[in-house]
Structure formats: structure tokens, C-alpha cells
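I have placed the structure first, in the form of C-alpha cells, so that the comments after it can refer back to it.
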Amino acid sequence: MTRSSKSLSRRTVLKSGVALTSMLAAPGLLRAEPAPVKVGLLQPISGAFALDGDLAKIGAEFAVKEINDAGGIKALGGAKLDLVVGDSRSNAEAGAQATEELQSAGVAAVLGGFASGIALTATQAAARYDLPFVVDCAVADTITERGLKNTFRFNPNFSMATAVALKNLVKLNDDAGKPVKTVAIVHEDGLFGSGLAKIMQEKLPPLGFQIVETIAHPTPARDMTNVVLRLRALNPDLIVPSHYFNEFVLMARTLQQQRVRAKGIYAVFGGAASSYRFVNEFPEAAQGVMDCNHWGDPKSPITAKLRETVTAAGKFYAYNTPINYSLVKVFAQAVEKAGSADRAKIIEALAANEFDSGIMPYGKTKFDAKGQNSSALPLNTQVQGKDIKVIYPAEYADAKPVFPING
Amino acid sequence: MYSPQIVVEALLNGLMLGAIYALIALGLTLIYGVLHIVNFAHGALLTVAMFMVWLACARFGLDPYLAILFVAPAMFALGYALQRFIIGPASHGKDNGILLVTLGLSIIIENALLAAFQSDTRTITTDYSFRVVELGPLLLSFPRVVGFGVTIATTLLLWLVLHQTDIGKAIRAVAKEKLGASLVGISVPHVYAMTFAIGCACLAVAAGLLMPSFYVSPKTGAAFVLVAFTIVVLGGMGSIPGALIGGLLIGVVEAASSLFLGDSLGQIGIFLIFIVTLLVRPTGLFGARA
């Protein structure tokens, strides 16, 4: 028979009694712990973008834990960060609502936003309360063009990203001996795809590329065969697609089926080359596909850790995790510099200082007069084997581009 | 301009995709023809069937075409139960009540799927997903060719059921004269539920045919249901040959217009042919004359 605690000794009872009384009698000790700093994370936890929200949350939680384990916010006597998650339910209206909820929960700032439509309404809602808002991935230029004092964007905007994408495309082509002369643009016909197509149509011809066709398609698309048949007839050297995941899957699979083999597929904000899910499920169709997108520094050891955390949870790693991890880091630095969790002081600190960019390849983050991080940079990725490699710029690259992919 | 080979391929592809549209529209038109319900939950039920097929493949390693044999009875049972225990009683016999119930049902189903599967996109890869049938110089997608054949067979089967079996005759009797049918002893609620069930079983077949080359996420059904509604009206509401011919026609028109006008603008073709047909024949291609 094992010894049980059926009879508590008098000494034990006394000891615990004393301990309990002293705890109750000394609330001053508890008061010494500084109040935690509440930080809001606005992400689509449900709805069409739920997967993105989930991955973003993993990144933010990881950073909060890291900061708290290292002693919290030093300027506030070791105050811990307390992450409050708001669900934008993948739509703009609910995004504004969730921001209101975060406001009533008493957060010091809101981080995230994810999609442009959601970030636009959410930052506007936060502006009413002078609540600092740092955007994670939304690219619409207008987000920082409205003169909102509370709004900052950590990631590159649309114009910055396309400029980088075009510059790297020229380099890629030049380095390979200019195999690409003709380009076909395939895009979804919403704000994102048509905006991108318009920029490409303007900028590609002066760079020496001939655009043979611009093909728009609706989202959701039921079928991509006709798009692919047109591509087969035109036989362009390069395909530049910009659409969402499902349409990319459909197109890539149909390209494979119809035996259309361009010399390259070069996507901007989309495509298989920033989705491990696609690489895992359709390794053949994904081979060699390039993308220019938000992407964490592959050389940082924290990137590897985050990736492990995500895959251990049975999920596919994507850029949402490193970018939200880094966002929390920037916020913590801003609070340190402000020396206060006061909103106005945080806004002031965000506007006036430089920050380490976590594991994003941004060098020093510095928000310009409009609140845009002027050093934000997308990376060029390519699916090589079963992995996604960074091919440009050189300082972050962990592989050389394979180009052209089909002779 | 495009080579004849590309044009022919696009048109054949449209015809085969149209067959699957037709199959989806078939259930919708049958339910309308008998129950006079515009079933707003049709898209959501298609998504349910697609998830069932996906589960059968992912969990039990079943081929998607074989999975139809299991998913069709399951969808049949689900359809029967939905009509018998939810849609029928909850609508209190009023038309606008039924509209609201099916609309509400679609919202509930979509959100339940979202809760269960998240917004994740799921696909099935079989060794024939990318296979092509080479017809001379033409490359035709193997899953589409199978889809075309199975749709024609399913339509024939449905026609036989409606004309040769007792339940088929009862369904047609209720569709024509509800009161008369009930007076001769036909249980109208049972016939209604059977019709709804058959409509759902058609969706199971469509789901099995789509999955080898398509994806499923909680909102996938919406991509097909609008075109299915168009086909039902185009073919003549309640008409089975109308749904089949209408579906094939829409598929071909969509393919031709999207090849020549672009995919975005190509959708206009569907609505143009729809409007023109209704101007010439307001009851649809095979609709009963008023």
C-alpha cells in the first residue's frame, strides 16, 4: 500500500496556514508586479482567410513568450506583454468591429490587419481613439496615404513591392542571357490582380519585355482550361500570374495537364513559391515557380524555430508567422523607447525612432512621415525541390535561381 | 487568331464542363419542378458532398469515383432528412418561408463546414488527375471525359427512375397535381422528401466527378450554384432535358466567349444567351407553355 495523505500532520496544516495568511496579508507584494501591457492582434481567425490568421497568431504568440521570458518590458519594470486577439472574420466590416472590441479591452496598440480591405477600415476605426495601429501584410498604397497619425505599415506597400519585383526580374533575365522576350500576364479581376496587371503593362515594355496578352479571370474561377489554352496558343516565354491560392492551383495543374511549359512563372504576391502547402501537395506543378512576396530572413535561426513550431502543429508555414513575430518585436521596442504604455507616447515613439526588424529582411525599420516603413522589402523566392528558397536579394538568398526552367 | 485545334479543344472542354453544370442543375430543377422550392442551400449541399468525397479519399483511401457509391446514398439520406424534418415543417407551407429556410440552411452549413474544416483548400490527387485523353491532336482532360460520360448515364438513370418506377410515377403525379395525388393515397411529404433526396444524390455524383481535378473549401459550392440557377431557368424550370441541354449549352458558350473575350468578360456570354433565350422563349428552352 502506498503512503497516502489521509492524515495531515499538525505541522503541515500550520505551515500552510501561515503561508496562506501571509499571502493574503501582503497584497503589497502582488502590487509590486507591474501591470501587463495589453497588445491587440487583429487577424482573420475565422472566415476565408482563417489559415492566415492562425499562422499570424502563432508568430505573435511566439514573440510575446520570448519577450516575457526575457523579463518583459524593462522600461516598465519588467511588465509582461498580454496578447489580446481580435477576430476580423475575414471581412472589412467585422475588422472595424473587432478593433472597437480591442479598444474596449484596453489595448495599448493594435497589430496586424492582414488584407488591404480589412486594414483600411480597422485603421480608420482605431484612428478615432488615437489607438496606434501597425499593419502586417496589407499592401494597398492608400492605407498610409490618408494622413492618419495612428497608422503605421511595417511591410512594403504595393508600389515598393512591384518596383523590387521588376528590378529583380530584369536581373534574373540578364543573368541568364535574356531568354525571356515575351510575357503573358494572368490576373484575377479584383483590386489586387488588376492593379498589379496595370503596373506590369506600363512598366514591362520599357524594360524590353513584349506583353503578348493580358488575361483577366474572375475569383472564384470554376475552370482555368480556357486561360491555359490561350497561353498554349500564345506560347509566351514568361507567365506573370497574380491571383489567390485556389486559382493558382487550378492554373498550375492545368498548365501541367495541357503541357504548357514556359521558361518561367514569375508571380508577385501569390503563387506557389510562397506556399509550402502547394509545394507539398503538387511538387511537380510547383517546380521552379518564382514569387516576390513578404518573406522572413531564411538565415535567421529564429526562422527555423518558427517553422518547426508551425509544422509541429500540423500546419504549413507561410510568411504570416515571421511577419507577425517581428511586428510584436517592433511594438515592444516602441514601448521600451516610449517608457510608457500610453498610446500617444507609443505613436510618438513609433514615428521618431528606428527599430530592429525582427526576422524580416528590412534592416532597420523606420516609419516615414506617412507611417510607411521605408526600408521594407519583399524577397524573391523559388520552389526548388521540396523547399522554398530565397533567390534575391543576394544578402538574404540561400539559393541561386534556376532559370530558365524549361530549357 | 487561334488555331482550329485550340478552338475545338476549348469547345469540347466547355461541353464537358457544361455536363457537370448540368448535373448540378438537374437536382435543382427536379426540386423546383416538384416542390416548387428555389433551393438556396443547393450550393452548400454540393460543398458537403465534395467534403464527403474528400474525406472518403483522404481518410479511407477511396478513389473519388468509387466514393460516389458511398456518398450518393449518404447525401440521399441527408436530403431526405432535411426536407422531412427541417425544410418541410419549418416553412409551414409558405413559399417565402421555404426560401428563408433554405437560405438559412445554406448559411448554417457553410459555417459548420468552416468550423470543422477551416477555410483550408483541399484537393485530391489521383494518378489520373492530370491524365489527358489524346484524340488525334486534341488533348482532353481525362477527369472531364469521365465526367461527361457519367453525367449522361446519370441523366438517363434519373429519367428511367421517373418514368419506370412507382416512386418516379408518384413524383410526377405530385408535380402535376398535388391534391389529386394525395387523394389517391400518395404521401405528399414522403414524395417531397424523396425528390429532395434524389436532388442531393445528384450533387454527390457531381462532387465525385469534380474532385479529381477541382478543390473544395467551405465556399466552393457558391462558384457553381449561380450558373446552375441560370441553367435551370434557361432550360425551363423543372425540366430535366432542359437542365441537361441548358448545362451543355452554357458550358460551350462560356468556353467560346472566354476564349475570345477573356475569362472575366467571358461570363457575359452566359448571361447574353440567357437573356436572348428568355426573350424568345420566356418559359425557357423546355419549359411548359403557360
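We name chains A, B, ... following the order of the C-alpha cells; residues begin at 1 in each chain, and ligands are numbered from 1 as shown.
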Pull the closest atom pair for each residue of chain B that gets at most 10 Å from chain A, along with the distance in Å to one decimal, counting only C-alpha atoms, ordering rows by chain and then ascending residue number, as CSV.
residue,atom,partner,partner_atom,distance
B:Met1,CA,A:Ala233,CA,8.8
B:Tyr2,CA,A:Ala233,CA,6.5
B:Ser3,CA,A:Ala233,CA,7.5
B:Gln5,CA,A:Ala233,CA,9.6
B:Ile6,CA,A:Leu229,CA,6.5
B:Val7,CA,A:Leu229,CA,8.7
B:Glu9,CA,A:Leu229,CA,8.2
B:Ala10,CA,A:Asn226,CA,6.2
B:Leu11,CA,A:Asn226,CA,9.3
B:Asn13,CA,A:Thr225,CA,7.6
B:Gly14,CA,A:Asn226,CA,8.7
B:Leu17,CA,A:Asp223,CA,8.3
B:Asn111,CA,A:Gly47,CA,8.5
B:Leu114,CA,A:Gly47,CA,7.1
B:Ala115,CA,A:Ser46,CA,8.1
B:Gln118,CA,A:Ala50,CA,6.5
B:Ser119,CA,A:Ala48,CA,5.2
B:Asp120,CA,A:Leu51,CA,6.6
B:Thr121,CA,A:Asn246,CA,7.2
B:Arg122,CA,A:Asn246,CA,9.4
B:Thr123,CA,A:Glu281,CA,8.4
B:Ile124,CA,A:Glu281,CA,9.0
B:Thr125,CA,A:Glu281,CA,8.2
B:Ser129,CA,A:Gln257,CA,8.6
B:Phe130,CA,A:Gln257,CA,5.1
B:Arg131,CA,A:Gln257,CA,6.8
B:Val132,CA,A:Gln257,CA,6.9
B:Leu138,CA,A:Gln258,CA,9.9
B:Leu139,CA,A:Gln258,CA,6.9
B:Leu140,CA,A:Gln258,CA,8.4
B:Ser141,CA,A:Gln257,CA,7.4
B:Phe142,CA,A:Gln257,CA,9.7
B:Ser213,CA,A:Leu250,CA,8.1
B:Phe214,CA,A:Leu250,CA,7.2
B:Tyr215,CA,A:Asn246,CA,7.4
B:Val216,CA,A:Asn246,CA,9.2
B:Ser217,CA,A:Ala48,CA,8.9
B:Pro218,CA,A:Ala48,CA,8.5
B:Lys219,CA,A:Ala48,CA,8.3
B:Thr220,CA,A:Pro220,CA,8.1
B:Ala222,CA,A:Pro220,CA,8.7
B:Ala223,CA,A:Pro220,CA,6.2
B:Phe224,CA,A:Arg222,CA,7.3
B:Glu254,CA,A:Asn226,CA,9.4
B:Ala255,CA,A:Asn226,CA,6.5
B:Ala256,CA,A:Asn226,CA,8.6
B:Ser257,CA,A:Asn226,CA,9.6
B:Ser258,CA,A:Asn226,CA,6.6
B:Leu259,CA,A:Asn226,CA,5.7
B:Phe260,CA,A:Arg230,CA,9.0
B:Leu261,CA,A:Ile215,CA,9.3
B:Gly262,CA,A:Ile215,CA,6.0
B:Asp263,CA,A:His217,CA,4.6
B:Ser264,CA,A:His217,CA,4.4
B:Leu265,CA,A:His217,CA,8.0
B:Gly266,CA,A:His217,CA,8.7
B:Gln267,CA,A:Pro218,CA,8.7
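With only C-alpha atoms taken into account, the protein and nucleic acid residues at most 10 Å from Arg261 of chain A (excluding it and anything under 5 positions from it in its own chain) are Leu231, Arg232, Asn235, Pro236, Asp237, Leu238, Ile239, Leu255, Gln256, Ile405, Asn406 and Gly407 of chain A.
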With only C-alpha atoms as the counted atoms, please give the residues lying no more than 12 Å from Gln103 of chain A, apart from itself and same-chain residues fewer than 2 positions off, as a PyMOL selection string.
chain A and resi 38-42+84-86+96-101+105-110+122-123+125-133+343
Quick one, how far is atom CA of Phe117 of chain B from atom CA of Ala72 of chain B?
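According to the coordinates, atom CA of Phe117 of chain B and atom CA of Ala72 of chain B are separated by 21.0 Å.
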Name the residues of segment 128-348 of chain A that come out as strand (DSSP E) in a backbone DSSP run; write them as a PyMOL selection string.
chain A and resi 133-135+151-153+182-188+210-217+238-242+264-268+290-293
Considering only C-alpha atoms, return as a list in words whatever protein or nucleic-acid residues lie within 9 Å of Thr154 of chain B, sequence-local ones (same chain, fewer than 3 positions apart) excluded.
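Contacts, with the query itself left out: Leu23, Gly149, Val150, Thr151, Leu157, Leu158, Trp159, Cys202 and Val205 of chain B.
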Fewer than 5 positions away in the same chain doesn't count, so skip those; otherwise give me all residues within 10 Å of segment 66-83 of chain A, counting only C-alpha atoms, as JSON, numbers by chain.
{"A": [32, 33, 34, 35, 36, 37, 38, 39, 40, 41, 57, 60, 61, 107, 110, 325, 328, 329, 332, 333, 335, 336, 337, 338, 339, 340, 341]}
I need the residues in segment 243-369 of chain A that are alpha helix (DSSP H) according to DSSP; give them as a ChimeraX atom specification.
/A:245-257,276-281,283-286,301-312,320-338,343-352
Please list as a VMD selection string every residue within 12 Å of His42 of chain B, counting only C-alpha atoms and excluding residues in the same chain fewer than 3 positions away.
chain B and resid 24 to 32 37 to 39 45 to 49 75 79 82 99 102 to 107 109 to 110 196 to 197 199 to 204 219 to 229
Keeping only N, CA and C atoms, write those residues as a tab-separated table (two decimals), in the first residue's frame.
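What landed in result.tsv:
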chain	number	residue	atom	x	y	z
B	24	ILE	N	-25.43	19.39	-61.69
B	24	ILE	CA	-25.75	20.18	-60.51
B	24	ILE	C	-27.13	20.81	-60.68
B	25	ALA	N	-27.39	21.28	-61.90
B	25	ALA	CA	-28.68	21.91	-62.18
B	25	ALA	C	-29.82	20.91	-62.15
B	26	LEU	N	-29.49	19.65	-62.45
B	26	LEU	CA	-30.50	18.59	-62.51
B	26	LEU	C	-31.24	18.47	-61.18
B	27	GLY	N	-30.49	18.42	-60.09
B	27	GLY	CA	-31.09	18.32	-58.76
B	27	GLY	C	-31.93	19.54	-58.45
B	28	LEU	N	-31.41	20.68	-58.84
B	28	LEU	CA	-32.08	21.95	-58.56
B	28	LEU	C	-33.41	22.04	-59.29
B	29	THR	N	-33.38	21.61	-60.57
B	29	THR	CA	-34.59	21.72	-61.39
B	29	THR	C	-35.64	20.70	-60.94
B	30	LEU	N	-35.19	19.53	-60.53
B	30	LEU	CA	-36.10	18.50	-60.06
B	30	LEU	C	-36.82	18.98	-58.80
B	31	ILE	N	-36.06	19.55	-57.87
B	31	ILE	CA	-36.63	20.05	-56.63
B	31	ILE	C	-37.62	21.18	-56.92
B	32	TYR	N	-37.24	22.03	-57.87
B	32	TYR	CA	-38.17	23.11	-58.21
B	32	TYR	C	-39.43	22.56	-58.87
B	37	ILE	N	-39.67	24.71	-54.83
B	37	ILE	CA	-38.73	25.40	-53.94
B	37	ILE	C	-37.56	25.88	-54.77
B	38	VAL	N	-37.17	27.15	-54.62
B	38	VAL	CA	-35.89	27.59	-55.15
B	38	VAL	C	-34.89	27.30	-54.02
B	39	ASN	N	-34.15	26.23	-54.19
B	39	ASN	CA	-33.34	25.74	-53.08
B	39	ASN	C	-32.00	26.48	-52.96
B	45	LEU	N	-24.95	22.34	-50.15
B	45	LEU	CA	-25.05	20.87	-50.13
B	45	LEU	C	-24.03	20.24	-51.08
B	46	LEU	N	-23.76	20.94	-52.19
B	46	LEU	CA	-22.71	20.45	-53.10
B	46	LEU	C	-21.37	20.44	-52.35
B	47	THR	N	-21.12	21.51	-51.59
B	47	THR	CA	-19.87	21.56	-50.83
B	47	THR	C	-19.80	20.39	-49.84
B	48	VAL	N	-20.94	20.11	-49.19
B	48	VAL	CA	-20.97	18.98	-48.24
B	48	VAL	C	-20.57	17.70	-48.95
B	49	ALA	N	-21.17	17.48	-50.14
B	49	ALA	CA	-20.87	16.26	-50.89
B	49	ALA	C	-19.39	16.21	-51.27
B	75	MET	N	-25.79	11.28	-49.14
B	75	MET	CA	-26.42	12.56	-49.49
B	75	MET	C	-27.93	12.37	-49.68
B	79	GLY	N	-30.53	14.48	-47.65
B	79	GLY	CA	-31.55	15.26	-48.34
B	79	GLY	C	-32.94	14.89	-47.83
B	82	LEU	N	-33.40	16.31	-44.34
B	82	LEU	CA	-33.50	17.78	-44.35
B	82	LEU	C	-34.91	18.23	-44.73
B	99	LEU	N	-38.10	29.75	-48.78
B	99	LEU	CA	-36.94	30.50	-49.26
B	99	LEU	C	-36.01	30.82	-48.09
B	102	THR	N	-34.25	27.64	-46.64
B	102	THR	CA	-33.11	27.12	-47.41
B	102	THR	C	-31.93	28.09	-47.36
B	103	LEU	N	-32.25	29.39	-47.35
B	103	LEU	CA	-31.17	30.38	-47.27
B	103	LEU	C	-30.45	30.24	-45.93
B	104	GLY	N	-31.25	30.13	-44.86
B	104	GLY	CA	-30.67	29.97	-43.53
B	104	GLY	C	-29.84	28.71	-43.43
B	105	LEU	N	-30.39	27.65	-44.04
B	105	LEU	CA	-29.71	26.36	-44.03
B	105	LEU	C	-28.33	26.47	-44.70
B	106	SER	N	-28.29	27.21	-45.81
B	106	SER	CA	-27.01	27.33	-46.53
B	106	SER	C	-25.99	28.05	-45.64
B	107	ILE	N	-26.46	29.07	-44.90
B	107	ILE	CA	-25.53	29.80	-44.03
B	107	ILE	C	-25.03	28.89	-42.91
B	109	ILE	N	-24.87	25.59	-42.92
B	109	ILE	CA	-23.98	24.54	-43.45
B	109	ILE	C	-22.58	25.11	-43.71
B	110	GLU	N	-22.55	26.28	-44.37
B	110	GLU	CA	-21.25	26.87	-44.69
B	110	GLU	C	-20.43	27.12	-43.43
B	196	PHE	N	-36.28	15.63	-52.89
B	196	PHE	CA	-35.15	16.40	-52.36
B	196	PHE	C	-33.93	15.49	-52.23
B	197	ALA	N	-34.18	14.25	-51.79
B	197	ALA	CA	-33.10	13.28	-51.61
B	197	ALA	C	-32.44	12.95	-52.93
B	199	GLY	N	-32.36	14.84	-55.56
B	199	GLY	CA	-31.61	16.04	-55.94
B	199	GLY	C	-30.26	16.08	-55.27
B	200	CYS	N	-30.22	15.72	-53.99
B	200	CYS	CA	-28.96	15.73	-53.24
B	200	CYS	C	-28.03	14.62	-53.73
B	201	ALA	N	-28.61	13.47	-54.10
B	201	ALA	CA	-27.78	12.37	-54.60
B	201	ALA	C	-27.09	12.78	-55.91
B	202	CYS	N	-27.80	13.57	-56.75
B	202	CYS	CA	-27.19	14.08	-57.99
B	202	CYS	C	-25.95	14.91	-57.65
B	203	LEU	N	-26.06	15.68	-56.56
B	203	LEU	CA	-24.92	16.51	-56.15
B	203	LEU	C	-23.73	15.64	-55.76
B	204	ALA	N	-24.03	14.48	-55.15
B	204	ALA	CA	-22.95	13.58	-54.76
B	204	ALA	C	-22.19	13.10	-55.99
B	219	LYS	N	-16.63	27.34	-49.17
B	219	LYS	CA	-17.46	28.19	-50.03
B	219	LYS	C	-17.45	27.75	-51.49
B	220	THR	N	-16.85	26.61	-51.78
B	220	THR	CA	-16.70	26.18	-53.16
B	220	THR	C	-18.02	26.09	-53.92
B	221	GLY	N	-19.05	25.58	-53.27
B	221	GLY	CA	-20.33	25.37	-53.94
B	221	GLY	C	-20.87	26.63	-54.59
B	222	ALA	N	-20.57	27.78	-53.98
B	222	ALA	CA	-21.07	29.05	-54.49
B	222	ALA	C	-20.62	29.31	-55.92
B	223	ALA	N	-19.43	28.80	-56.29
B	223	ALA	CA	-18.91	29.05	-57.63
B	223	ALA	C	-19.79	28.37	-58.68
B	224	PHE	N	-20.49	27.31	-58.29
B	224	PHE	CA	-21.27	26.55	-59.26
B	224	PHE	C	-22.76	26.85	-59.21
B	225	VAL	N	-23.22	27.33	-58.04
B	225	VAL	CA	-24.67	27.37	-57.87
B	225	VAL	C	-25.32	28.47	-58.70
B	226	LEU	N	-24.62	29.58	-58.90
B	226	LEU	CA	-25.22	30.66	-59.70
B	226	LEU	C	-25.43	30.20	-61.14
B	227	VAL	N	-24.43	29.52	-61.65
B	227	VAL	CA	-24.54	29.04	-63.02
B	227	VAL	C	-25.62	27.95	-63.10
B	228	ALA	N	-25.76	27.18	-62.02
B	228	ALA	CA	-26.81	26.15	-62.00
B	228	ALA	C	-28.20	26.80	-62.02
B	229	PHE	N	-28.37	27.86	-61.27
B	229	PHE	CA	-29.65	28.58	-61.28
B	229	PHE	C	-29.96	29.09	-62.69
Got a sec: who's within 9 Å of segment 60-66 of chain B, counting only C-alpha atoms, leaving out chain neighbours fewer than 2 positions off, as a VMD selection string?
chain B and resid 53 to 58 68 to 70 124 126 205 207 to 212
For those residues, write all heavy atoms to a file as a compact mmCIF listing (two decimals), in the first residue's frame.
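Result file is part35.txt:
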# COMPACT_ATOMS: atom_id res chain seq x y z
N VAL B 53 -16.65 13.34 -50.31
CA VAL B 53 -15.77 12.64 -51.25
C VAL B 53 -14.31 12.79 -50.80
O VAL B 53 -13.55 11.83 -50.78
CB VAL B 53 -15.94 13.18 -52.69
CG1 VAL B 53 -14.91 12.59 -53.63
CG2 VAL B 53 -17.34 12.90 -53.20
N TRP B 54 -13.98 14.02 -50.42
CA TRP B 54 -12.60 14.27 -49.99
C TRP B 54 -12.26 13.40 -48.77
O TRP B 54 -11.19 12.79 -48.72
CB TRP B 54 -12.41 15.75 -49.66
CG TRP B 54 -11.05 16.02 -49.12
CD1 TRP B 54 -9.91 16.15 -49.85
CD2 TRP B 54 -10.67 16.14 -47.74
NE1 TRP B 54 -8.84 16.35 -49.01
CE2 TRP B 54 -9.28 16.34 -47.71
CE3 TRP B 54 -11.38 16.09 -46.55
CZ2 TRP B 54 -8.58 16.49 -46.52
CZ3 TRP B 54 -10.69 16.24 -45.35
CH2 TRP B 54 -9.30 16.44 -45.36
N LEU B 55 -13.19 13.35 -47.80
CA LEU B 55 -12.94 12.55 -46.60
C LEU B 55 -12.75 11.07 -46.95
O LEU B 55 -11.86 10.40 -46.43
CB LEU B 55 -14.11 12.68 -45.62
CG LEU B 55 -14.06 13.88 -44.66
CD1 LEU B 55 -15.33 13.94 -43.83
CD2 LEU B 55 -12.85 13.77 -43.74
N ALA B 56 -13.62 10.60 -47.85
CA ALA B 56 -13.54 9.20 -48.25
C ALA B 56 -12.16 8.89 -48.84
O ALA B 56 -11.60 7.81 -48.61
CB ALA B 56 -14.63 8.87 -49.25
N CYS B 57 -11.61 9.87 -49.59
CA CYS B 57 -10.30 9.65 -50.20
C CYS B 57 -9.19 9.82 -49.18
O CYS B 57 -8.29 8.99 -49.08
CB CYS B 57 -10.07 10.64 -51.32
SG CYS B 57 -11.23 10.45 -52.63
N ALA B 58 -9.25 10.92 -48.41
CA ALA B 58 -8.15 11.23 -47.50
C ALA B 58 -8.10 10.25 -46.33
O ALA B 58 -7.02 9.87 -45.89
CB ALA B 58 -8.29 12.67 -47.00
N ILE B 68 -18.30 7.87 -54.94
CA ILE B 68 -19.68 8.25 -55.31
C ILE B 68 -20.67 7.20 -54.81
O ILE B 68 -21.75 7.53 -54.33
CB ILE B 68 -19.80 8.41 -56.85
CG1 ILE B 68 -18.95 9.58 -57.32
CG2 ILE B 68 -21.26 8.61 -57.26
CD1 ILE B 68 -18.92 9.75 -58.83
N LEU B 69 -20.25 5.93 -54.89
CA LEU B 69 -21.15 4.84 -54.49
C LEU B 69 -21.54 4.93 -53.01
O LEU B 69 -22.59 4.45 -52.61
CB LEU B 69 -20.48 3.49 -54.76
CG LEU B 69 -20.16 3.19 -56.23
CD1 LEU B 69 -19.44 1.86 -56.37
CD2 LEU B 69 -21.44 3.21 -57.06
N PHE B 70 -20.67 5.56 -52.21
CA PHE B 70 -20.98 5.68 -50.78
C PHE B 70 -21.57 7.06 -50.45
O PHE B 70 -22.43 7.18 -49.58
CB PHE B 70 -19.71 5.46 -49.95
CG PHE B 70 -19.13 4.10 -50.15
CD1 PHE B 70 -18.18 3.86 -51.12
CD2 PHE B 70 -19.57 3.03 -49.38
CE1 PHE B 70 -17.66 2.59 -51.33
CE2 PHE B 70 -19.06 1.76 -49.56
CZ PHE B 70 -18.09 1.54 -50.54
N ILE B 124 -7.67 16.47 -54.12
CA ILE B 124 -7.32 15.05 -54.18
C ILE B 124 -6.42 14.88 -55.39
O ILE B 124 -6.74 15.39 -56.47
CB ILE B 124 -8.57 14.19 -54.39
CG1 ILE B 124 -9.49 14.31 -53.18
CG2 ILE B 124 -8.19 12.75 -54.64
CD1 ILE B 124 -10.85 13.70 -53.42
N THR B 126 -5.05 12.08 -57.80
CA THR B 126 -5.05 10.67 -58.19
C THR B 126 -4.09 10.57 -59.36
O THR B 126 -3.70 11.59 -59.93
CB THR B 126 -6.44 10.24 -58.66
OG1 THR B 126 -6.80 11.10 -59.74
CG2 THR B 126 -7.46 10.39 -57.57
N VAL B 205 -22.95 12.79 -57.06
CA VAL B 205 -22.30 12.33 -58.29
C VAL B 205 -21.43 13.46 -58.85
O VAL B 205 -20.26 13.27 -59.21
CB VAL B 205 -23.34 11.88 -59.34
CG1 VAL B 205 -22.64 11.39 -60.59
CG2 VAL B 205 -24.25 10.81 -58.76
N ALA B 207 -20.10 15.90 -57.24
CA ALA B 207 -18.94 16.11 -56.34
C ALA B 207 -17.84 15.11 -56.66
O ALA B 207 -16.66 15.47 -56.75
CB ALA B 207 -19.38 15.96 -54.90
N GLY B 208 -18.23 13.84 -56.86
CA GLY B 208 -17.24 12.81 -57.18
C GLY B 208 -16.54 13.08 -58.50
O GLY B 208 -15.36 12.80 -58.66
N LEU B 209 -17.29 13.67 -59.45
CA LEU B 209 -16.72 13.95 -60.76
C LEU B 209 -15.81 15.18 -60.72
O LEU B 209 -14.85 15.27 -61.48
CB LEU B 209 -17.83 14.17 -61.79
CG LEU B 209 -18.73 12.96 -62.04
CD1 LEU B 209 -19.85 13.32 -63.01
CD2 LEU B 209 -17.92 11.78 -62.58
N LEU B 210 -16.12 16.11 -59.83
CA LEU B 210 -15.32 17.34 -59.76
C LEU B 210 -14.01 17.15 -59.01
O LEU B 210 -12.98 17.72 -59.37
CB LEU B 210 -16.12 18.45 -59.04
CG LEU B 210 -17.15 19.20 -59.86
CD1 LEU B 210 -17.98 20.11 -58.96
CD2 LEU B 210 -16.47 20.04 -60.94
N MET B 211 -14.07 16.35 -57.94
CA MET B 211 -12.93 16.32 -57.02
C MET B 211 -11.57 15.92 -57.60
O MET B 211 -10.56 16.46 -57.16
CB MET B 211 -13.26 15.47 -55.78
CG MET B 211 -14.04 16.20 -54.70
SD MET B 211 -13.45 17.85 -54.31
CE MET B 211 -12.00 17.48 -53.35
N PRO B 212 -11.49 15.00 -58.57
CA PRO B 212 -10.14 14.67 -59.05
C PRO B 212 -9.41 15.86 -59.65
O PRO B 212 -8.19 15.89 -59.67
CB PRO B 212 -10.38 13.59 -60.11
CG PRO B 212 -11.68 13.00 -59.75
CD PRO B 212 -12.50 14.11 -59.16
How many Å lie between atom CA of Gly235 of chain B and atom CA of Gly284 of chain B, rounded to one decimal?
5.1 Å
Atom CA of Gly113 of chain A to atom CA of Asn324 of chain A, distance in Å rounded to a single decimal:
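Going from atom CA of Gly113 of chain A over to atom CA of Asn324 of chain A covers 10.3 Å.
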